[in-house]
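**Student:** Sharing a structure here in structure tokens format.
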Amino acid sequence: MNVWKALGLAGMAGVAATGALVVRSERKRRAYAPDEVRDQLHQRFAALSSEPEPAAAPPPSRGRQLRDRLRFSRAR
């Protein structure tokens with residue numbers, strides 16, 4: 001058997017296996033009822049909105065900005 005023929009057959013088998021996995025995951029996804037999906041989304045949103053937002057970092061000082069620019073210009 002030719003090497004290219006074997007590679008072609010292996011490629012076709014890979015494509016078929018990938019297609020089978022996609023179909024299976026699509027079936028799992030469609031198995032949810034719309035109410036279940038909505039409830040899950042509401043739970044995720046409630047969990048995210050209950051977490052406090054992290055405090056914003058103070059802006060860097062003017063000296064820090066200049067130092068960073070000088071360091072960048074010397075690195076070129």
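Going through the structure tokens in order, the chains are called A, B, and so on, while each chain numbers its residues from 1 and the ligands are numbered from 1 in the order shown.
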Would you please give, as a ChimeraX atom specification, all residues of chain A that DSSP assigns to alpha helix (DSSP H) based on the backbone?
**Tutor:** /A:3-30,34-50,62-75
**Student:** Grab the CA of Gly14 (chain A) to CA of Arg29 (chain A) distance for me, in Å with one decimal place.
**Tutor:**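 Between CA of Gly14 (chain A) and CA of Arg29 (chain A) the gap is 22.6 Å.
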**Student:** To one decimal place in Å, what is the distance between CA of Arg24 (chain A) and CA of Met12 (chain A)?
**Tutor:**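 So the two atoms, CA of Arg24 (chain A) and CA of Met12 (chain A), lie 18.5 Å apart.
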